[in-house]
Structures are given as structure tokens and as C-alpha cells.
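These notes are about the structure you will find just below.
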Amino acid sequence: MKCFYYFKDRTRSREQRSAPGVNDRTRTREQRSAPELKDRNKYDVSTAERVTKSSCSATSPRTIPELYEEKAHNLRVFSFSELRQATNDFNRLLKIGEGGFGNVYKGSIKPVDGKGDPIVVAIKKLNRDGFQGHKQWVAEVQFLGVVEHPNLVKLIGYCAVDGERGIQRLLVYEFMPNKSLEDHLFNRAHPTLPWQTRLQIVLGAAQGLTYLHEELEVQVIYRDFKSSNVLLDEDFKPKLSDFGLAREGPTGDRTHVSTAVVGTYGYAAPEYVETGHLTIKSDIWSFGVVLYEILTGRRTMERNLPTMEQKLLDWVKQYPADSKRFSMIIDPRIRNQCSLSAARKIAKLADSCLNKNAKDRPTMSQVVESLKQAMEDSEEGTSSKKRSPKSSRSNLVASNQQLHQMGVTDTTRRMAHLARPRDNSIRV
């Protein structure tokens, strides 16, 4: 599923063109080593970022660049030679991802104090050309330099070098050994992802979105929620990744942020695609799409299926949650694992997230509560089906351990397969 980048309005007001960026006087050493962070106003001035320190009242929320000034020291600043060594000169055998932004490599770095075992990391190397990729790099550094939550991928540091041979922009993240939710849902080389594990994953992802929407000093719109951006650690705990498209939410009496329309076909909310008006409810639409992905085991678009079944959201409409034929849409690989009542609850929750009227969609905190209720219902329904008296939570742990063990025994085969280039995350 390819990403799109479409400008609804190329004109900018004089106020936007002259809007100030981050205060240069208070920059830390880390910020001074990255020139693009000094002059961010040249590249990415959003509606939500036009309030500066000089015009803010004491009670006004700070912007992401202002929060970044406070926390930038938490990020490590790497030299290019360090990261080249960490990846064995960016060896293609260590490449674990590829897209329009560049390549992602598995590498190992020394601990910050130089003592102890090397730390396994993921290193994203930006293509040397590409204006949009540069903007996304800046956004990732600033957003991930500010946020901190167990369901958001951790940014360890970055590298920004301007030399005679051109610029180098790299990001260093914690390594997520089990790839993404997308890989485990749609890549048949993997074992079937158990129903309870799917629910556990989307619950964690929902908690990450709740943090961005409701628990920060400034509201953050993720703007690119999809199954390929939900990464999984060694215990299959989910973490949201790729904050290159994230934006600050509206401030004051504004109801939305007006911006160029970017995202991934099949996941972007219709009102955002049509108008360029962005709100947190745009993320909630995308979450509803992923709920149907975990329920059906199908992608948002499957061109190899009959015409009536190719578009996921159109297909599931034929089988409403309260209909007798609803079970037809449940992933056949997990039909014997999930209770029908829990599956119906997930479908109804997805439908509420996919409400055409954005104002009628739930908040992410409401989604979290609904998911918890569905999980309880699923556990009760599953335990009644089991022949043995084991609890469903024990079964979930056992399922995760089985998946982890298979990952250990089949590491070579799986990593070789997953290292192959993918085009569904290409940025343009």
C-alpha cells in the first residue's frame, strides 16, 4: 500500500513565510550540531507552531520545538564514522528496511559510557536528496526527542553532518526484533498471530495514541497510523514508530490543522483527504482500519480477490456485526480462538472509529476502555471453549512464548525474508 503526498494548497500567507522558528539563543550542543534544527522555519512551519515564546502567556502550552530545547540533551549525537562502523559500512546484509526516505540497517553501538556489551539498534539512513525526507527527519528528531511512553519506539540519537561530500542525516532507534504487526498479519512465512495477541497489540498501540492525543503538554496528531508502523519487541509488545508525518494539534480556538495531505492509501480519513483539515479524529479513523485488519487478516486492499472483496472497508460492510453472516469476515486462521461476542465488539468499535462524521468518533481513551472490555469478553469466551482449565492469560503467554521461540530457532530464515525491500512504505 503506497503512500501519497498531495498538496491541497500550495499558497502560504506572509505570516507563514516569516514565522519564527526555534529560539537560537538557548540551543544545546546537540542542536548546534544539526544545522537544520536551527532554521526549522525554513522547512516546516505549521499552523500549530506559529505561537512563539515571546507571544505565549504563562499558561499557554509550549510547542514541540520549545519542549525539544528542554529535552534535546537526552539524545546521543553520533558521528557518521560511528554509525558506519556500527553497520559494517552499511552492509546490505544488515539492511532490514527500505523506502523513499532511505534504508534501515541493523547495527550495534557502544553504551554511552563505553562499558558493557554493545547495544543492538536500528539505524535509518536518509537519502541524500529529497526535500520531504529532510522535513520528516527533522520532525522525527523533535517529536521523538520529546515523547516518552512504553508504546512509542525510543529514539536513541541522531547524526547530522554537512561535509564536502554532501549531507548525512541518520536516526538511531531501539531495535525491534519481531518487525511489525503488518508482517505477522499478512506474511504467511510467520506463524499465525493468535487472537489474544492481536488484541494485546492493538491495546498497546491505542495506549500509545492516547498518550499522544491526551497526555502531553501539546496535542500530537500521529497522521500515519497503520499496521506497518506498529513495531513489536521481543515479547510482542507494540511500539508506534515513524514520526516523520506527526504534527502538533490545533491550539486556541482552532478546530483543526490545515496541511498538505500525506499518508497511506487505505488508512487516511476521508475528511482529511478531501479538505486537508487534520485533527486527532483522523488518527482514530486509521485505528478503525487496523481493527478490521486484525479481525479479518486482510489488507486494506487485496487486488488478487474478486472485485467486491478487494477493498477491505467495502467488503466488511456486507457483513454487519449484528448479522448472522458476520462470522464470514473473521480470519479463518483464528475462528476457533476468538469468541463471537468479542469479535462483534471489535467490529462495532471499528465501525465507531470509522464514522463518517469525525465528531462522532470516540476518543482514544474511550477506545482503550472498549478494547479492555472486549479482551475480558474474549478471555471468558475462549476459556469456555478450552478443554483444559488453563486460564486465557496463560494461553496468551504461551502463545507469545511459542512465537518468540520460533523467532529464535528460525532467525536466519526470517531475517533473510524480512530484509527484502518492501514498497508499501514508500514516501514520495
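Starting from 1 in every chain, residues are counted up; chains themselves are A, B, ... following the order of the C-alpha cells, and ligands are numbered from 1 as listed.
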
Could you produce a table of the residues of range 230-335 of chain A lying within 7 Å of range 199-213 of chain A, with the nearest pair of atoms per residue and their separation in Å rounded to one decimal, using only C-alpha atoms, ordered by chain and increasing residue number, as a tab-separated table?
residue	atom	partner	partner_atom	distance
A:Lys237	CA	A:Ile201	CA	6.3
A:Pro238	CA	A:Ile201	CA	5.5
A:Lys239	CA	A:Ala205	CA	6.5
A:Leu240	CA	A:Ala205	CA	6.6
A:Ile280	CA	A:His213	CA	6.6

Using C-alpha atoms, can you export the residues from the last selection as a compact mmCIF listing (two decimals), in the first residue's frame?
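To be explicit, this is the file written out as selection-v5.txt:
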# COMPACT_ATOMS: atom_id res chain seq x y z
CA LYS A 237 4.73 -5.62 22.94
CA PRO A 238 3.79 -2.91 20.42
CA LYS A 239 5.50 0.43 19.86
CA LEU A 240 4.50 3.11 17.38
CA ILE A 280 -6.85 13.71 16.24

Using only C-alpha atoms, which protein or nucleic acid residues come within 12 Å of Lys324 in chain A? Drop anything in the same chain fewer than 5 positions from it, and give the result as an mmCIF file with C-alpha atoms, in the first residue's frame.
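Result saved to part-v7.cif:
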data_model
loop_
_atom_site.group_PDB
_atom_site.id
_atom_site.type_symbol
_atom_site.label_atom_id
_atom_site.label_comp_id
_atom_site.auth_asym_id
_atom_site.auth_seq_id
_atom_site.Cartn_x
_atom_site.Cartn_y
_atom_site.Cartn_z
ATOM 1 C CA GLN A 318 -21.658 -6.583 3.671
ATOM 2 C CA TYR A 319 -21.396 -8.434 6.997
ATOM 3 C CA ILE A 329 -15.250 -11.890 7.834
ATOM 4 C CA LEU A 340 -18.082 -14.394 18.514
ATOM 5 C CA ARG A 344 -18.608 -8.406 17.336
#

To one decimal in Å, tell me the separation between CA of Arg76 in chain A and CA of Asp162 in chain A.
17.7 Å

Near range 170-187 of chain A, counting only C-alpha atoms, which residues have an atom at most 7 Å away, once you skip same-chain residues fewer than 5 positions from it, shown as an MDAnalysis selection string?
chainID A and resid 120:126 153:160 193 227:234 236 297

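Between CA of Val261 in chain A and CA of Val273 in chain A the interatomic distance comes to 6.1 Å.
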
Could you find all residues in range 170-403 of chain A that DSSP calls strand (DSSP E) from the backbone, and write them as number ranges by chain?
A: 170-174, 220-221, 230-232, 238-240, 247-248, 257-258, 261-264, 277-278

Requested write-out: N, CA and C atoms of the selected residues, as a compact mmCIF listing (two decimals), in the first residue's frame:
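Output saved as result30.txt:
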# COMPACT_ATOMS: atom_id res chain seq x y z
N LEU A 170 20.99 10.73 9.81
CA LEU A 170 20.68 9.38 10.28
C LEU A 170 19.96 9.44 11.63
N LEU A 171 19.16 8.43 11.89
CA LEU A 171 18.46 8.29 13.16
C LEU A 171 18.78 6.92 13.75
N VAL A 172 18.95 6.86 15.06
CA VAL A 172 19.28 5.60 15.74
C VAL A 172 18.17 5.28 16.74
N TYR A 173 17.50 4.14 16.52
CA TYR A 173 16.38 3.73 17.36
C TYR A 173 16.71 2.45 18.13
N GLU A 174 15.90 2.18 19.14
CA GLU A 174 15.96 0.86 19.75
C GLU A 174 15.55 -0.16 18.69
N VAL A 220 -0.55 15.91 19.99
CA VAL A 220 0.19 15.43 18.82
C VAL A 220 -0.72 14.56 17.97
N ILE A 221 -0.78 14.86 16.68
CA ILE A 221 -1.51 14.03 15.71
C ILE A 221 -0.49 13.16 15.00
N VAL A 230 3.36 -0.27 13.51
CA VAL A 230 3.26 -0.84 14.85
C VAL A 230 4.33 -1.91 14.96
N LEU A 231 5.45 -1.56 15.59
CA LEU A 231 6.57 -2.50 15.71
C LEU A 231 6.43 -3.34 16.98
N LEU A 232 7.08 -4.50 16.97
CA LEU A 232 6.93 -5.47 18.06
C LEU A 232 8.28 -5.82 18.65
N PRO A 238 3.79 -3.83 21.55
CA PRO A 238 3.79 -2.91 20.42
C PRO A 238 4.37 -1.54 20.75
N LYS A 239 5.00 -0.94 19.74
CA LYS A 239 5.50 0.43 19.86
C LYS A 239 5.29 1.14 18.53
N LEU A 240 4.70 2.32 18.59
CA LEU A 240 4.50 3.11 17.38
C LEU A 240 5.82 3.66 16.90
N ARG A 247 2.25 15.81 13.53
CA ARG A 247 2.04 17.25 13.61
C ARG A 247 1.47 17.63 14.96
N GLU A 248 1.72 18.85 15.37
CA GLU A 248 1.05 19.38 16.55
C GLU A 248 -0.42 19.61 16.22
N VAL A 257 -5.90 21.51 12.02
CA VAL A 257 -4.67 22.00 11.40
C VAL A 257 -4.83 21.83 9.89
N SER A 258 -4.57 22.88 9.14
CA SER A 258 -4.62 22.79 7.68
C SER A 258 -3.24 22.46 7.16
N VAL A 261 -1.86 17.10 2.31
CA VAL A 261 -2.40 15.77 2.59
C VAL A 261 -1.34 14.71 2.31
N VAL A 262 -0.91 14.03 3.36
CA VAL A 262 0.05 12.94 3.22
C VAL A 262 -0.45 11.76 4.03
N GLY A 263 0.06 10.60 3.72
CA GLY A 263 -0.36 9.41 4.46
C GLY A 263 -0.29 8.18 3.58
N THR A 264 -1.09 7.18 3.92
CA THR A 264 -1.08 5.92 3.20
C THR A 264 -2.48 5.61 2.70
N HIS A 277 -7.90 19.14 6.26
CA HIS A 277 -8.12 19.51 7.66
C HIS A 277 -7.78 18.31 8.54
N LEU A 278 -6.81 18.50 9.42
CA LEU A 278 -6.26 17.41 10.22
C LEU A 278 -6.63 17.57 11.69

For Pro250 in chain A, which residue among A:Asn357, A:Ser327, A:Thr63, A:Gln373 is the nearest when counting only C-alpha atoms?
A:Thr63

Just asking: which residues within range 143-360 of chain A are helix (DSSP H, G or I) according to DSSP, as a ChimeraX atom specification?
/A:143-146,181-186,195-215,227-229,270-275,280-296,307-309,312-316,326-329,340-353,358-360

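For the set A:Leu312, A:Val290, A:Ala347, A:Leu94, the residue with the smallest atom-to-atom gap to Arg198 in chain A is A:Val290, counting only C-alpha atoms.
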
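For the pair CA of Cys338 in chain A and CA of Val316 in chain A, the separation is 17.8 Å.
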
Considering only C-alpha atoms, state which residue in the set A:Gly145, A:Pro191, A:Pro332, A:Pro270 is at the smallest distance from Tyr68 in chain A.
A:Gly145

Sorted by chain and rising residue number, list the residues of range 158-265 of chain A at most 8 Å from range 282-285 of chain A (counting only C-alpha atoms), each with its closest atom pair and distance in Å to one decimal, as a Markdown table.
| residue | atom | partner | partner_atom | distance |
| --- | --- | --- | --- | --- |
| A:Ile221 | CA | A:Asp283 | CA | 6.9 |
| A:Tyr222 | CA | A:Asp283 | CA | 6.6 |
| A:Arg223 | CA | A:Asp283 | CA | 5.9 |
| A:Asp224 | CA | A:Asp283 | CA | 7.5 |
| A:Phe225 | CA | A:Asp283 | CA | 6.4 |

Write out the residues from the selection above, keeping C-alpha atoms, as a PDB file, in the first residue's frame.
ATOM      1  CA  ILE A 221      -1.514  14.031  15.712  1.00  0.00           C
ATOM      2  CA  TYR A 222       0.344  10.923  14.575  1.00  0.00           C
ATOM      3  CA  ARG A 223      -1.031  11.109  10.996  1.00  0.00           C
ATOM      4  CA  ASP A 224       0.331   7.764   9.773  1.00  0.00           C
ATOM      5  CA  PHE A 225      -1.184   5.035  11.936  1.00  0.00           C
TER       6      PHE A 225
END

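For the residues A:Gln136, A:Glu215, A:Gln168, A:Ala246, ranking by smallest atom-to-atom distance to Ser365 in chain A using only C-alpha atoms places A:Glu215 first.
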